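A.B. asks: Mind having a look at this structure? Questions to follow.
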Amino acid sequence: MKETRYFYVPDAATAGELPSDEATHAVRVLRLKEGDEVMLMDGQGSFYEAEITMASSHHCLYAIKQTLPQQRPWQGRVHLAIAPTKMAERIEWLVEKATEVGVDTLSLLDCQFSERRQMKVPRLEKILVSAMKQSRKAWKPQLDEMQPFATFIKNHSEGQRYIAHCYEEVPRTNLFDELRQGSADDDTLVLIGPEGDFSIDEVRQAVEAGFVSVDLGKSRLRTETAGLAAVMMMQLAKQ
């Protein structure tokens, strides 16, 4: 059986043509031609069975045969806010894996101990889209530009909100225990700090703003591992 090829087309229902990068991949790499069937995804909850009607070196037109609305497999919204790692490839790995597992929003934080204060968001977007296609997710996660920590927590005051850290002097509960006690329908946000952790002032600032102080278990995790663990816990609690 021939493998179904998935392509990301933001306005798939009305566009009629693959975006240039997707068209190049379809025609030059996969060598698809007129009459071949493909699956389109709009990143907004629908798949589309389509047939290629014209394929050239620069353009790939299609006709939709069937619209397939999808049902989100988890309840509420899953939001991870994380300080990027010093090595860019580690946060790129996280973006890929979090998308595969299932996340609604990824936000980048600029914290007191951050070692990286800039990220190439367009590159992360490409990684995110590739992971979305590979894992066949119907919804494209929202990727937010980097924000100062204080600005971010000020602008997020709804839903279940948690800050994970390693300070013994600030009382913590286990994140998964907290998630299981809450409502699966609630929007959930978890903050993960940089490689040197949040500063204790940032933790206290978040707690004062209504965030719950949590740990991710007994193991001390790298930033990107902690981020993925948090996404996994949110997903398990929302199935």
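By order in the structure tokens, chains are A, B, ...; within a chain, residues start at 1; ligands start at 1, following the order shown.
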When DSSP is applied to the backbone of this structure, which of stretch 2-213 of chain A are assigned helix (DSSP H, G or I)? Write them out as an MDAnalysis selection string.

C.D. replies: chainID A and resid 12:15 20:29 88:101 121:135 149:154 175:181 200:208

A.B. asks: I need the chosen residues saved as a JSON list (two decimals), in the first residue's frame, with C-alpha atoms.

C.D. replies:
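Heads up, here's the output in part_6.json:
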```json
[["chain", "number", "residue", "atom", "x", "y", "z"],
["A", 12, "ALA", "CA", -6.36, 24.27, 2.52],
["A", 13, "ALA", "CA", -10.12, 24.59, 2.00],
["A", 14, "THR", "CA", -9.75, 27.55, -0.36],
["A", 15, "ALA", "CA", -6.09, 27.79, -1.46],
["A", 20, "SER", "CA", 5.96, 26.90, -2.41],
["A", 21, "ASP", "CA", 8.08, 24.88, 0.04],
["A", 22, "GLU", "CA", 5.51, 22.09, 0.20],
["A", 23, "ALA", "CA", 5.15, 22.12, -3.60],
["A", 24, "THR", "CA", 8.90, 21.78, -4.03],
["A", 25, "HIS", "CA", 8.97, 18.82, -1.67],
["A", 26, "ALA", "CA", 5.97, 17.19, -3.36],
["A", 27, "VAL", "CA", 7.22, 17.54, -6.93],
["A", 28, "ARG", "CA", 11.01, 17.50, -6.75],
["A", 29, "VAL", "CA", 11.58, 15.18, -3.78],
["A", 88, "ALA", "CA", 19.76, 25.89, 20.51],
["A", 89, "GLU", "CA", 19.47, 22.28, 19.33],
["A", 90, "ARG", "CA", 18.13, 21.23, 22.73],
["A", 91, "ILE", "CA", 15.17, 23.61, 22.62],
["A", 92, "GLU", "CA", 14.64, 22.62, 18.98],
["A", 93, "TRP", "CA", 14.42, 19.00, 20.14],
["A", 94, "LEU", "CA", 11.86, 20.01, 22.75],
["A", 95, "VAL", "CA", 9.70, 21.86, 20.21],
["A", 96, "GLU", "CA", 9.71, 18.77, 18.00],
["A", 97, "LYS", "CA", 8.89, 16.28, 20.76],
["A", 98, "ALA", "CA", 6.31, 18.45, 22.52],
["A", 99, "THR", "CA", 4.49, 18.88, 19.19],
["A", 100, "GLU", "CA", 4.53, 15.12, 18.64],
["A", 101, "VAL", "CA", 3.13, 14.45, 22.12],
["A", 121, "VAL", "CA", 11.47, 31.63, 15.76],
["A", 122, "PRO", "CA", 11.07, 30.97, 11.99],
["A", 123, "ARG", "CA", 13.42, 27.97, 12.34],
["A", 124, "LEU", "CA", 11.43, 26.69, 15.33],
["A", 125, "GLU", "CA", 8.24, 27.11, 13.28],
["A", 126, "LYS", "CA", 9.66, 24.88, 10.54],
["A", 127, "ILE", "CA", 10.60, 22.22, 13.08],
["A", 128, "LEU", "CA", 7.14, 22.48, 14.63],
["A", 129, "VAL", "CA", 5.37, 22.07, 11.28],
["A", 130, "SER", "CA", 7.54, 19.09, 10.36],
["A", 131, "ALA", "CA", 6.71, 17.43, 13.69],
["A", 132, "MET", "CA", 3.01, 18.22, 13.23],
["A", 133, "LYS", "CA", 3.02, 16.48, 9.84],
["A", 134, "GLN", "CA", 5.07, 13.53, 11.08],
["A", 135, "SER", "CA", 2.77, 12.92, 14.06],
["A", 149, "PHE", "CA", 9.38, 36.54, 32.77],
["A", 150, "ALA", "CA", 7.62, 39.31, 34.70],
["A", 151, "THR", "CA", 5.63, 40.39, 31.63],
["A", 152, "PHE", "CA", 4.57, 36.84, 30.89],
["A", 153, "ILE", "CA", 3.17, 35.99, 34.32],
["A", 154, "LYS", "CA", 1.40, 39.33, 34.48],
["A", 175, "LEU", "CA", 2.78, 18.50, 39.36],
["A", 176, "PHE", "CA", 1.06, 15.28, 38.32],
["A", 177, "ASP", "CA", -0.74, 15.01, 41.67],
["A", 178, "GLU", "CA", -1.97, 18.57, 41.23],
["A", 179, "LEU", "CA", -3.10, 17.91, 37.66],
["A", 180, "ARG", "CA", -5.07, 14.81, 38.62],
["A", 181, "GLN", "CA", -6.94, 16.76, 41.30],
["A", 200, "ILE", "CA", 14.07, 32.41, 43.84],
["A", 201, "ASP", "CA", 12.65, 35.92, 43.42],
["A", 202, "GLU", "CA", 10.99, 34.82, 40.18],
["A", 203, "VAL", "CA", 9.49, 31.78, 41.91],
["A", 204, "ARG", "CA", 8.10, 33.92, 44.71],
["A", 205, "GLN", "CA", 6.81, 36.47, 42.18],
["A", 206, "ALA", "CA", 4.95, 33.72, 40.33],
["A", 207, "VAL", "CA", 3.49, 32.26, 43.53],
["A", 208, "GLU", "CA", 2.28, 35.70, 44.56]]
```

A.B. asks: Using only C-alpha atoms, determine which residues lie at most 9 Å from stretch 106-115 of chain A, disregarding the query and same-chain residues fewer than 2 positions distant; provide the list as a PyMOL selection string.

C.D. replies: chain A and resi 78-86+95+98+103-104+117-119+141-150+152+191-199+202

A.B. asks: Tell me which protein, DNA and RNA residues are within 12 Å of A:Gly182, counting only C-alpha atoms, leaving out same-chain ones fewer than 6 positions away, and put them as a PDB file with N, CA and C atoms, in the first residue's frame.

C.D. replies:
```pdb
ATOM      1  N   GLY A  76      -9.305  20.728  27.355  1.00  0.00           N
ATOM      2  CA  GLY A  76      -8.631  21.947  27.770  1.00  0.00           C
ATOM      3  C   GLY A  76      -7.485  22.287  26.825  1.00  0.00           C
ATOM      4  N   GLY A 159      -6.973  29.893  34.360  1.00  0.00           N
ATOM      5  CA  GLY A 159      -6.725  28.469  34.265  1.00  0.00           C
ATOM      6  C   GLY A 159      -5.804  27.942  35.355  1.00  0.00           C
ATOM      7  N   GLN A 160      -5.392  26.696  35.195  1.00  0.00           N
ATOM      8  CA  GLN A 160      -4.452  26.073  36.122  1.00  0.00           C
ATOM      9  C   GLN A 160      -3.046  26.520  35.752  1.00  0.00           C
ATOM     10  N   ARG A 161      -2.333  27.097  36.717  1.00  0.00           N
ATOM     11  CA  ARG A 161      -1.010  27.664  36.433  1.00  0.00           C
ATOM     12  C   ARG A 161      -0.005  27.135  37.447  1.00  0.00           C
ATOM     13  N   LEU A 175       3.601  17.989  40.458  1.00  0.00           N
ATOM     14  CA  LEU A 175       2.782  18.502  39.363  1.00  0.00           C
ATOM     15  C   LEU A 175       1.707  17.507  38.955  1.00  0.00           C
ATOM     16  N   PHE A 176       2.059  16.238  38.790  1.00  0.00           N
ATOM     17  CA  PHE A 176       1.064  15.283  38.321  1.00  0.00           C
ATOM     18  C   PHE A 176      -0.054  15.087  39.338  1.00  0.00           C
ATOM     19  N   THR A 188      -4.311  24.629  31.020  1.00  0.00           N
ATOM     20  CA  THR A 188      -3.212  24.371  31.947  1.00  0.00           C
ATOM     21  C   THR A 188      -1.915  24.946  31.412  1.00  0.00           C
ATOM     22  N   MET A 234       0.721  16.802  31.566  1.00  0.00           N
ATOM     23  CA  MET A 234      -0.515  17.502  31.211  1.00  0.00           C
ATOM     24  C   MET A 234      -1.366  16.647  30.298  1.00  0.00           C
ATOM     25  N   ALA A 237      -3.079  13.785  32.154  1.00  0.00           N
ATOM     26  CA  ALA A 237      -4.158  14.259  33.022  1.00  0.00           C
ATOM     27  C   ALA A 237      -5.388  14.712  32.232  1.00  0.00           C
ATOM     28  N   LYS A 238      -5.227  14.920  30.917  1.00  0.00           N
ATOM     29  CA  LYS A 238      -6.312  15.482  30.116  1.00  0.00           C
ATOM     30  C   LYS A 238      -6.914  14.498  29.121  1.00  0.00           C
TER      31      LYS A 238
END
```

A.B. asks: As an exercise, work out the distance from atom CA of A:Asp186 to atom CA of A:Thr67 in Å and give it to one decimal place.

C.D. replies: 29.2 Å

A.B. asks: Pull the strand (DSSP E) assignments for stretch 45-96 of chain A out of DSSP run on the backbone, and list those residues as a PyMOL selection string.

C.D. replies: chain A and resi 46-55+60-69+78-82

A.B. asks: Sort by chain and increasing residue number a table of all residues of stretch 85-197 of chain A within 6 Å of stretch 35-58 of chain A, each with its closest pair of atoms and their distance in Å to one decimal, counting only C-alpha atoms, and write it as JSON lines.

C.D. replies:
```
{"residue": "A:Ala138", "atom": "CA", "partner": "A:Gly45", "partner_atom": "CA", "distance": 4.7}
{"residue": "A:Trp139", "atom": "CA", "partner": "A:Gly43", "partner_atom": "CA", "distance": 4.2}
{"residue": "A:Lys140", "atom": "CA", "partner": "A:Gly43", "partner_atom": "CA", "distance": 4.4}
```

A.B. asks: Report, in Å with one decimal, the straight-line distance from atom CA of A:Gln239 to atom CA of A:Arg136.

C.D. replies: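 Between these atoms lies a distance of 17.6 Å.
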
A.B. asks: Taking only C-alpha atoms into account, name the residue in A:Gly102, A:Gly227, A:Gly210, A:Gly217 that is nearest to A:Arg172.

C.D. replies: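 Checking each candidate against A:Arg172, we get A:Gly217 as the closest.
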
A.B. asks: Record the distance separating atom CA of A:Tyr162 and atom CA of A:Asp185, expressed in Å with one decimal.

C.D. replies: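 Atom CA of A:Asp185 lies at a distance of 16.0 Å from atom CA of A:Tyr162.
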